[in-house]
Amino acid sequence: AEGDREIYFVGMIDFLIGFSFKKEAEHIVRTAQGHGEDASCVNPTDYAMRQVTFVREKVFSMPEDRMGTVGLIRISGVSGKNLINADGPFDKSDPYLLARLGLQTARTSTIKDDLNPVWKDEELVLPVHTHHKTMKLELGLWDAESARALRGADDFLGNVLLPMDSVLEGKPIQLSRKVEGVQHGELTATIVFERA
């Protein structure tokens, strides 16, 4: 009924089972089958990210511009150029950008069938906490798979890693860089750090 409170239970199942080679192989197979998001055997980091996302989205109402203990990062003006086509000869990739800092993530919308996507009016915001200072900001491009049962998990289209010490200098970064981990593709973005 309206006005009733909801109770959520968050816990770890089988937390004493080590994530061994066998469990990692099981996770890879389940991900390839399109069950990476709901697999019961997951990499501990993926599991932690899943729990953090659930708690933030379902339990707490977080403001859009949530300030971290150190500040926040704003990522805008994002575009990709000459991205790889992960969908074969009869289709084109459906790219999105996933920004990651530790367990914090922010994601753009998916642009269908485009190897040169532009996210004009989108801004991603990530809070920055003290323990993030020694990490790297990852800007990863991915191909969204709508037919996961047929095609498996989202495909990697490349990424750019930025050491946080360069981001924390406070000067806006006009990023225009070749993506790493794939044959070709470029990423452009504006990254601004705001102190708390």
# chains A, B, ... in the order shown; residues from 1 in each chain; ligands from 1

call {"tool": "select_by_dssp", "arguments": {"residues": "stretch 23-189 of chain A", "states": "strand (DSSP E)", "output": "PyMOL selection string"}}
result
chain A and resi 71-81+95-101+104-107+118-119+124-128+136-143+155-163+173-178+186-189

call {"tool": "residues_around", "arguments": {"residues": "A:Gly77", "least_positions_apart": "4", "cutoff": "9 Å", "atoms": "only C-alpha atoms", "output": "JSON list (two decimals) with N, CA, C and O atoms, in the first residue's frame"}}
result
[["chain", "number", "residue", "atom", "x", "y", "z"],
["A", 118, "VAL", "N", 27.95, 10.30, -30.62],
["A", 118, "VAL", "CA", 28.12, 11.57, -29.92],
["A", 118, "VAL", "C", 27.02, 11.65, -28.87],
["A", 118, "VAL", "O", 25.83, 11.55, -29.20],
["A", 119, "TRP", "N", 27.41, 11.81, -27.62],
["A", 119, "TRP", "CA", 26.46, 11.97, -26.53],
["A", 119, "TRP", "C", 26.40, 13.47, -26.21],
["A", 119, "TRP", "O", 27.10, 13.95, -25.31],
["A", 120, "LYS", "N", 25.59, 14.20, -26.96],
["A", 120, "LYS", "CA", 25.59, 15.67, -26.91],
["A", 120, "LYS", "C", 25.23, 16.24, -25.55],
["A", 120, "LYS", "O", 25.96, 17.03, -24.99],
["A", 121, "ASP", "N", 24.08, 15.91, -25.05],
["A", 121, "ASP", "CA", 23.55, 16.56, -23.85],
["A", 121, "ASP", "C", 23.65, 15.70, -22.61],
["A", 121, "ASP", "O", 22.87, 15.87, -21.68],
["A", 122, "GLU", "N", 24.59, 14.76, -22.59],
["A", 122, "GLU", "CA", 24.71, 13.88, -21.42],
["A", 122, "GLU", "C", 25.93, 14.27, -20.59],
["A", 122, "GLU", "O", 26.99, 14.57, -21.13],
["A", 123, "GLU", "N", 25.74, 14.23, -19.28],
["A", 123, "GLU", "CA", 26.83, 14.48, -18.35],
["A", 123, "GLU", "C", 26.84, 13.36, -17.33],
["A", 123, "GLU", "O", 25.81, 13.04, -16.75],
["A", 188, "THR", "N", 36.73, 11.09, -27.16],
["A", 188, "THR", "CA", 36.83, 12.51, -26.84],
["A", 188, "THR", "C", 35.88, 12.80, -25.69],
["A", 188, "THR", "O", 34.75, 12.31, -25.67],
["A", 189, "ALA", "N", 36.35, 13.60, -24.72],
["A", 189, "ALA", "CA", 35.50, 13.96, -23.58],
["A", 189, "ALA", "C", 36.12, 15.15, -22.85],
["A", 189, "ALA", "O", 37.32, 15.41, -22.97],
["A", 190, "THR", "N", 35.29, 15.85, -22.10],
["A", 190, "THR", "CA", 35.75, 16.91, -21.20],
["A", 190, "THR", "C", 35.56, 16.41, -19.78],
["A", 190, "THR", "O", 34.45, 15.97, -19.42],
["A", 191, "ILE", "N", 36.62, 16.47, -18.98],
["A", 191, "ILE", "CA", 36.58, 15.97, -17.60],
["A", 191, "ILE", "C", 36.91, 17.13, -16.68],
["A", 191, "ILE", "O", 37.97, 17.76, -16.82]]

call {"tool": "closest_residue", "arguments": {"among": "A:Asp91, A:Ile75, A:Ala153, A:Gly68", "to": "A:His132", "atoms": "only C-alpha atoms"}}
result
A:Gly68

call {"tool": "closest_residue", "arguments": {"among": "A:Leu137, A:Ala144, A:Val70, A:Ile84", "to": "A:Gly34", "atoms": "only C-alpha atoms"}}
result
A:Ala144

call {"tool": "residues_around", "arguments": {"residues": "stretch 176-181 of chain A", "least_positions_apart": "3", "cutoff": "7 Å", "atoms": "only C-alpha atoms", "output": "JSON, numbers by chain"}}
result
{"A": [158, 159, 160, 184, 185, 186, 187, 188, 189]}
